[in-house]
>>> print(open('entry.pdb').read())   # PDB, C-alpha atoms
MODEL        1
ATOM      1  CA  MET A 379       3.224   5.760 -20.672
ATOM      2  CA  VAL A 380       3.199   4.296 -24.187
ATOM      3  CA  LEU A 381       1.617   0.860 -24.440
ATOM      4  CA  PRO A 382       3.882  -1.852 -25.849
ATOM      5  CA  ALA A 383       2.956  -2.987 -29.338
ATOM      6  CA  PHE A 384       0.742  -6.055 -29.259
ATOM      7  CA  ASP A 385       2.863  -7.931 -31.753
ATOM      8  CA  GLU A 386       3.999 -11.532 -32.128
ATOM      9  CA  ARG A 387       6.947 -10.948 -29.795
ATOM     10  CA  LEU A 388       4.637  -9.869 -26.976
ATOM     11  CA  ARG A 389       2.212 -12.703 -27.731
ATOM     12  CA  ALA A 390       5.105 -15.164 -27.485
ATOM     13  CA  ARG A 391       6.253 -13.712 -24.134
ATOM     14  CA  LEU A 392       2.729 -14.009 -22.758
ATOM     15  CA  ARG A 393       2.460 -17.622 -23.912
ATOM     16  CA  GLU A 394       5.818 -18.398 -22.287
ATOM     17  CA  LEU A 395       4.674 -16.707 -19.073
ATOM     18  CA  CYS A 396       1.440 -18.725 -18.984
ATOM     19  CA  ASP A 397       3.425 -21.923 -19.551
ATOM     20  CA  ALA A 398       5.774 -20.998 -16.699
ATOM     21  CA  GLY A 399       2.771 -20.354 -14.468
ATOM     22  CA  TRP A 400       1.237 -23.748 -15.174
ATOM     23  CA  GLU A 401       4.591 -25.472 -14.692
ATOM     24  CA  PHE A 402       5.043 -23.828 -11.297
ATOM     25  CA  PHE A 403       1.493 -24.617 -10.199
ATOM     26  CA  ASP A 404       1.837 -28.285 -11.170
ATOM     27  CA  HIS A 405       4.937 -28.455  -8.968
ATOM     28  CA  PHE A 406       3.227 -26.497  -6.162
ATOM     29  CA  ASP A 407       0.189 -28.776  -6.316
ATOM     30  CA  ARG A 408       2.349 -31.894  -5.956
ATOM     31  CA  THR A 409       4.712 -30.602  -3.286
ATOM     32  CA  VAL A 410       2.462 -28.342  -1.184
ATOM     33  CA  ARG A 411      -1.261 -28.744  -1.805
ATOM     34  CA  GLU A 412      -1.213 -32.549  -1.728
ATOM     35  CA  ARG A 413       0.267 -32.402   1.783
ATOM     36  CA  GLY A 414      -2.308 -30.012   3.226
ATOM     37  CA  PHE A 415      -4.697 -27.201   2.459
ATOM     38  CA  HIS A 416      -3.362 -24.091   0.748
ATOM     39  CA  ALA A 417      -5.600 -21.368  -0.664
ATOM     40  CA  PHE A 418      -3.553 -20.842  -3.843
ATOM     41  CA  ILE A 419      -5.217 -22.216  -6.954
ATOM     42  CA  ALA A 420      -3.968 -21.006 -10.302
ATOM     43  CA  SER A 421      -6.286 -18.794 -12.320
ATOM     44  CA  GLU A 422      -7.057 -19.674 -15.904
ATOM     45  CA  TYR A 423      -4.107 -17.632 -17.063
ATOM     46  CA  GLU A 424      -5.171 -17.446 -20.692
ATOM     47  CA  ALA A 425      -8.646 -16.166 -19.766
ATOM     48  CA  VAL A 426      -7.171 -13.498 -17.492
ATOM     49  CA  ARG A 427      -4.698 -12.537 -20.218
ATOM     50  CA  ASP A 428      -7.583 -11.946 -22.617
ATOM     51  CA  ALA A 429      -9.399  -9.765 -20.070
ATOM     52  CA  LEU A 430      -6.262  -7.704 -19.450
ATOM     53  CA  ILE A 431      -5.765  -7.236 -23.187
ATOM     54  CA  THR A 432      -9.355  -6.024 -23.527
ATOM     55  CA  HIS A 433      -9.091  -3.427 -20.766
ATOM     56  CA  ARG A 434      -5.529  -2.179 -21.174
ATOM     57  CA  ALA A 435      -4.950   1.524 -21.700
ATOM     58  CA  SER A 436      -2.128   3.987 -21.238
ATOM     59  CA  GLY A 437      -1.306   4.969 -17.648
ATOM     60  CA  VAL A 438      -3.497   2.349 -15.964
ATOM     61  CA  ARG A 439      -2.440   1.207 -12.492
ATOM     62  CA  PHE A 440      -3.136  -2.489 -11.716
ATOM     63  CA  LEU A 441      -3.341  -4.390  -8.424
ATOM     64  CA  GLU A 442      -3.692  -8.137  -7.915
ATOM     65  CA  LEU A 443      -5.293  -9.159  -4.636
ATOM     66  CA  GLY A 444      -3.448 -12.306  -3.612
ATOM     67  CA  SER A 445      -0.781 -12.403  -6.313
ATOM     68  CA  ALA A 446       0.584 -15.880  -5.470
ATOM     69  CA  SER A 447       3.320 -16.823  -7.995
ATOM     70  CA  GLY A 448       3.019 -13.412  -9.670
ATOM     71  CA  ILE A 449       2.029 -14.617 -13.136
ATOM     72  CA  ILE A 450      -0.976 -12.331 -13.572
ATOM     73  CA  THR A 451       0.735  -9.254 -12.136
ATOM     74  CA  ILE A 452       3.720  -9.837 -14.426
ATOM     75  CA  MET A 453       1.309 -10.350 -17.323
ATOM     76  CA  ALA A 454      -0.261  -6.970 -16.576
ATOM     77  CA  ASP A 455       3.181  -5.350 -16.514
ATOM     78  CA  LEU A 456       4.143  -6.864 -19.864
ATOM     79  CA  LEU A 457       0.892  -5.516 -21.318
ATOM     80  CA  GLY A 458       1.723  -1.980 -20.195
ATOM     81  CA  TYR A 459      -0.059  -1.655 -16.856
ATOM     82  CA  GLU A 460       1.753  -0.220 -13.824
ATOM     83  CA  ALA A 461       1.413  -3.509 -11.975
ATOM     84  CA  CYS A 462       1.577  -4.419  -8.289
ATOM     85  CA  GLY A 463       0.648  -7.517  -6.329
ATOM     86  CA  ILE A 464      -0.050  -8.157  -2.649
ATOM     87  CA  GLU A 465       0.413 -11.697  -1.306
ATOM     88  CA  ILE A 466       0.395 -12.966   2.272
ATOM     89  CA  ASP A 467       2.581 -16.045   1.678
ATOM     90  CA  LEU A 468       6.237 -14.984   1.870
ATOM     91  CA  ALA A 469       7.427 -18.049  -0.067
ATOM     92  CA  LEU A 470       5.114 -17.151  -2.948
ATOM     93  CA  ILE A 471       6.405 -13.576  -2.868
ATOM     94  CA  ALA A 472       9.915 -14.965  -3.400
ATOM     95  CA  THR A 473       8.628 -17.026  -6.329
ATOM     96  CA  ALA A 474       6.884 -13.988  -7.848
ATOM     97  CA  ARG A 475       9.986 -11.815  -7.584
ATOM     98  CA  GLU A 476      12.117 -14.523  -9.175
ATOM     99  CA  MET A 477       9.534 -14.948 -11.937
ATOM    100  CA  ALA A 478       9.606 -11.171 -12.523
ATOM    101  CA  ARG A 479      13.400 -11.278 -12.912
ATOM    102  CA  ARG A 480      13.066 -14.190 -15.329
ATOM    103  CA  PHE A 481      10.666 -12.243 -17.532
ATOM    104  CA  ASP A 482      12.413  -8.884 -17.155
ATOM    105  CA  SER A 483       9.311  -7.434 -15.514
ATOM    106  CA  ARG A 484       9.031  -4.296 -13.386
ATOM    107  CA  ALA A 485       6.024  -5.677 -11.490
ATOM    108  CA  ARG A 486       6.170  -4.957  -7.748
ATOM    109  CA  PHE A 487       5.258  -7.453  -5.043
ATOM    110  CA  VAL A 488       4.762  -6.873  -1.317
ATOM    111  CA  CYS A 489       4.019  -9.349   1.447
ATOM    112  CA  GLY A 490       0.919  -8.782   3.534
ATOM    113  CA  SER A 491      -2.852  -8.839   3.544
ATOM    114  CA  PHE A 492      -4.726  -7.068   0.767
ATOM    115  CA  PHE A 493      -7.248  -5.874   3.362
ATOM    116  CA  PRO A 494      -6.630  -2.259   4.432
ATOM    117  CA  ALA A 495      -5.828  -1.817   8.112
ATOM    118  CA  GLY A 496      -9.002  -1.950  10.147
ATOM    119  CA  TYR A 497     -11.102  -3.607   7.452
ATOM    120  CA  SER A 498     -13.704  -6.131   8.557
ATOM    121  CA  TYR A 499     -16.438  -7.840   6.581
ATOM    122  CA  ARG A 500     -19.838  -8.554   8.105
ATOM    123  CA  THR A 501     -22.498 -10.686   6.463
ATOM    124  CA  ALA A 502     -26.141  -9.651   6.353
ATOM    125  CA  ASP A 503     -26.840 -11.832   9.390
ATOM    126  CA  GLY A 504     -24.027 -10.192  11.351
ATOM    127  CA  GLU A 505     -21.361 -12.869  11.067
ATOM    128  CA  VAL A 506     -17.822 -11.639  10.472
ATOM    129  CA  ARG A 507     -15.853 -13.863   8.094
ATOM    130  CA  THR A 508     -13.540 -13.679   5.109
ATOM    131  CA  GLY A 509     -13.214 -17.368   4.180
ATOM    132  CA  THR A 510      -9.787 -18.324   2.874
ATOM    133  CA  LEU A 511      -8.769 -14.709   2.227
ATOM    134  CA  GLY A 512      -5.658 -14.118   4.299
ATOM    135  CA  GLU A 513      -5.695 -11.803   7.272
ATOM    136  CA  GLY A 514      -2.594 -10.181   8.685
ATOM    137  CA  LYS A 515      -0.606  -6.986   8.460
ATOM    138  CA  SER A 516      -1.891  -4.871   5.599
ATOM    139  CA  GLY A 517       0.438  -4.680   2.592
ATOM    140  CA  TYR A 518      -0.549  -1.175   1.483
ATOM    141  CA  GLN A 519       1.898   0.674   3.715
ATOM    142  CA  GLU A 520       4.888  -1.127   2.188
ATOM    143  CA  LEU A 521       3.385  -0.635  -1.258
ATOM    144  CA  GLY A 522       3.098   3.104  -0.616
ATOM    145  CA  LEU A 523      -0.316   3.139  -2.276
ATOM    146  CA  ALA A 524      -3.922   2.719  -1.175
ATOM    147  CA  LEU A 525      -6.565   0.562  -2.811
ATOM    148  CA  ASP A 526      -8.247   3.625  -4.301
ATOM    149  CA  ASP A 527      -5.025   4.506  -6.147
ATOM    150  CA  PHE A 528      -5.621   1.623  -8.571
ATOM    151  CA  ASP A 529      -7.604   1.719 -11.809
ATOM    152  CA  VAL A 530      -7.901  -2.044 -12.345
ATOM    153  CA  VAL A 531      -8.029  -4.583  -9.519
ATOM    154  CA  PHE A 532      -7.962  -8.356 -10.030
ATOM    155  CA  GLY A 533      -8.965 -11.116  -7.632
ATOM    156  CA  PHE A 534      -9.672 -14.856  -7.772
ATOM    157  CA  PRO A 535     -11.816 -15.618  -4.718
ATOM    158  CA  TRP A 536     -13.018 -19.056  -3.723
ATOM    159  CA  GLY A 537     -16.724 -19.682  -4.241
ATOM    160  CA  GLY A 538     -18.785 -17.668  -1.766
ATOM    161  CA  GLU A 539     -16.033 -15.100  -1.154
ATOM    162  CA  GLU A 540     -17.021 -12.827  -4.036
ATOM    163  CA  PRO A 541     -19.113 -10.538  -1.766
ATOM    164  CA  VAL A 542     -15.995  -9.789   0.287
ATOM    165  CA  LEU A 543     -14.141  -8.396  -2.733
ATOM    166  CA  LEU A 544     -17.178  -6.417  -3.858
ATOM    167  CA  ASP A 545     -17.537  -4.967  -0.346
ATOM    168  CA  LEU A 546     -13.821  -4.189  -0.203
ATOM    169  CA  MET A 547     -13.985  -2.258  -3.479
ATOM    170  CA  LYS A 548     -17.159  -0.450  -2.440
ATOM    171  CA  ARG A 549     -15.659   0.748   0.822
ATOM    172  CA  TYR A 550     -12.007   1.350  -0.096
ATOM    173  CA  GLY A 551     -11.636   1.291  -3.874
ATOM    174  CA  ASN A 552     -11.902   4.068  -6.430
ATOM    175  CA  PRO A 553     -15.580   4.151  -7.496
ATOM    176  CA  GLU A 554     -14.452   4.413 -11.140
ATOM    177  CA  ALA A 555     -12.044   1.482 -10.844
ATOM    178  CA  LEU A 556     -12.616  -1.780 -12.631
ATOM    179  CA  LEU A 557     -12.739  -4.970 -10.571
ATOM    180  CA  LEU A 558     -11.883  -8.067 -12.591
ATOM    181  CA  MET A 559     -13.048 -11.069 -10.610
ATOM    182  CA  HIS A 560     -12.294 -14.587 -11.766
ATOM    183  CA  GLY A 561     -14.982 -17.044 -10.776
ATOM    184  CA  VAL A 562     -14.628 -20.810 -10.929
ATOM    185  CA  ASN A 563     -17.688 -21.177 -13.149
ATOM    186  CA  ASP A 564     -18.104 -17.774 -14.828
ATOM    187  CA  GLY A 565     -14.592 -16.964 -16.015
ATOM    188  CA  VAL A 566     -13.427 -13.360 -15.630
ATOM    189  CA  GLN A 567     -16.220 -10.872 -14.916
ATOM    190  CA  ALA A 568     -15.823  -7.099 -14.752
ATOM    191  CA  TYR A 569     -17.487  -4.889 -12.137
ATOM    192  CA  ARG A 570     -17.587  -1.147 -11.672
ATOM    193  CA  GLY A 571     -19.307   0.497  -8.723
ATOM    194  CA  GLY A 572     -20.514  -2.929  -7.611
ATOM    195  CA  GLN A 573     -22.354  -3.523 -10.874
ATOM    196  CA  ARG A 574     -21.447  -6.364 -13.207
ATOM    197  CA  LEU A 575     -20.578  -5.133 -16.699
ATOM    198  CA  PRO A 576     -21.348  -6.884 -19.985
ATOM    199  CA  LYS A 577     -18.409  -8.702 -21.475
ATOM    200  CA  PRO A 578     -16.745  -6.563 -24.172
ATOM    201  CA  GLN A 579     -15.496  -7.957 -27.448
ATOM    202  CA  MET A 580     -11.738  -8.333 -27.672
ATOM    203  CA  SER A 581     -10.146  -6.190 -30.339
ATOM    204  CA  ASP A 582      -6.548  -7.448 -30.314
ATOM    205  CA  GLY A 583      -7.000 -11.175 -29.845
ATOM    206  CA  GLY A 584      -5.199 -13.180 -27.226
ATOM    207  CA  SER A 585      -3.675 -16.099 -29.080
TER     208      SER A 585
ENDMDL
END
>>> encode(input="entry.pdb", output="structure tokens")
Amino acid sequence: MVLPAFDERLRARLRELCDAGWEFFDHFDRTVRERGFHAFIASEYEAVRDALITHRASGVRFLELGSASGIITIMADLLGYEACGIEIDLALIATAREMARRFDSRARFVCGSFFPAGYSYRTADGEVRTGTLGEGKSGYQELGLALDDFDVVFGFPWGGEEPVLLDLMKRYGNPEALLLMHGVNDGVQAYRGGQRLPKPQMSDGGS
């Protein structure tokens, strides 16, 4: 697969996509999150965009764990990744698919949990918990792919849930895959084989 040229047209599409993401989240925050708890909080779209630009390469398969409104998965598709997202909230899946149509994106979205069937997380003291990460029917069967089929995996866990994603990748992911994890305080950090990688310098620029 040939990567799309990172030209002003693509930069403009990415800016428009980020703007659409913020517009949707503002509406979602007012109409859903103010009425009760919901786990969806928008990532810093521009920071994630820059990370995806840095790590993009030909033929790379991308998965977003908890794809919400689909902005990041669509962003990955526009940048040339083979992009998929798994999201447990059916209403957000509908939003993501509509957003993909709006931006002429081939990104795929399936409804379900991003935990493989049978997965359970156990803390060092023996407690089983996954925080706000949704549990339910695994989405991988509908996707037709397993977690270890992906080269780049992105997640935005709530504080304290990072060990769950690292454990998930260790047990089910491709050991050579890149995990991009967006933390509230640390921005987007890259991990491979459970080890945090130094931040690379961007070559293309994200503005």
>>> resolve_selection(input="entry.pdb", expression="the PyMOL selection byres ((chain A and resi 442-449) around 6)", output="list of chain:residue names")
A:Gly399, A:Leu441, A:Ile450, A:Thr451, A:Ile452, A:Gly463, A:Ile464, A:Glu465, A:Leu470, A:Thr473, A:Ala474, A:Phe492, A:Val531, A:Phe532, A:Gly533
>>> atom_distance(input="entry.pdb", atom1="atom CA of A:Glu386", atom2="atom CA of A:Pro578")
22.8 Å
>>> closest_residue(input="entry.pdb", among="A:Phe406, A:Tyr550, A:Phe528, A:Tyr423", to="A:Val438", atoms="only C-alpha atoms")
A:Phe528
>>> resolve_selection(input="entry.pdb", expression="the PyMOL selection byres ((chain A and resi 430) around 10)", output="ChimeraX atom specification")
/A:424-429,431-435,440,450,453-454,457-459,530,532,558,566,580,584
>>> closest_residue(input="entry.pdb", among="A:Ala398, A:Phe481, A:Pro494, A:Pro553", to="A:Glu520", atoms="all atoms listed in the file")
A:Pro494
>>> closest_residue(input="entry.pdb", among="A:Gln567, A:Thr409, A:Ser498, A:Gln573", to="A:Phe534", atoms="all atoms listed in the file")
A:Gln567
>>> closest_residue(input="entry.pdb", among="A:Ser483, A:Ser491, A:Ser436, A:Ser421", to="A:Asp529", atoms="all atoms listed in the file")
A:Ser436
>>> atom_distance(input="entry.pdb", atom1="atom CA of A:Ala461", atom2="atom CA of A:Gly437")
10.6 Å
>>> atom_distance(input="entry.pdb", atom1="atom CA of A:Gly414", atom2="atom CA of A:Cys396")
25.2 Å
>>> residues_around(input="entry.pdb", residues="A:Leu575", least_positions_apart="5", cutoff="10 Å", atoms="all atoms listed in the file", output="PyMOL selection string")
chain A and resi 556-557+567-570
>>> residues_around(input="entry.pdb", residues="A:Asp526", least_positions_apart="5", cutoff="10 Å", atoms="all atoms listed in the file", output="ChimeraX atom specification")
/A:531,547-555
>>> closest_residue(input="entry.pdb", among="A:Asp397, A:Asp455, A:Asp404, A:Asp564", to="A:Gly537", atoms="only C-alpha atoms")
A:Asp564
>>> closest_residue(input="entry.pdb", among="A:His560, A:Lys515, A:Arg574, A:His416", to="A:Pro535", atoms="all atoms listed in the file")
A:His560
>>> decode(input="entry.pdb", residues="stretch 561-579 of chain A", atoms="C-alpha atoms", output="CSV table (one decimal), in the first residue's frame")
chain,number,residue,atom,x,y,z
A,561,GLY,CA,-2.0,9.4,29.3
A,562,VAL,CA,-3.8,12.4,30.8
A,563,ASN,CA,-0.5,13.9,32.0
A,564,ASP,CA,2.2,12.4,29.7
A,565,GLY,CA,0.7,12.8,26.3
A,566,VAL,CA,1.1,9.9,23.8
A,567,GLN,CA,3.8,7.4,24.9
A,568,ALA,CA,5.0,4.5,22.8
A,569,TYR,CA,5.6,1.0,24.1
A,570,ARG,CA,7.0,-2.2,22.6
A,571,GLY,CA,7.2,-5.4,24.4
A,572,GLY,CA,6.0,-3.7,27.6
A,573,GLN,CA,8.9,-1.2,27.5
A,574,ARG,CA,8.4,2.5,27.1
A,575,LEU,CA,10.3,3.9,24.1
A,576,PRO,CA,11.9,7.3,23.8
A,577,LYS,CA,9.9,9.9,22.0
A,578,PRO,CA,11.1,10.1,18.3
A,579,GLN,CA,11.5,13.4,16.5
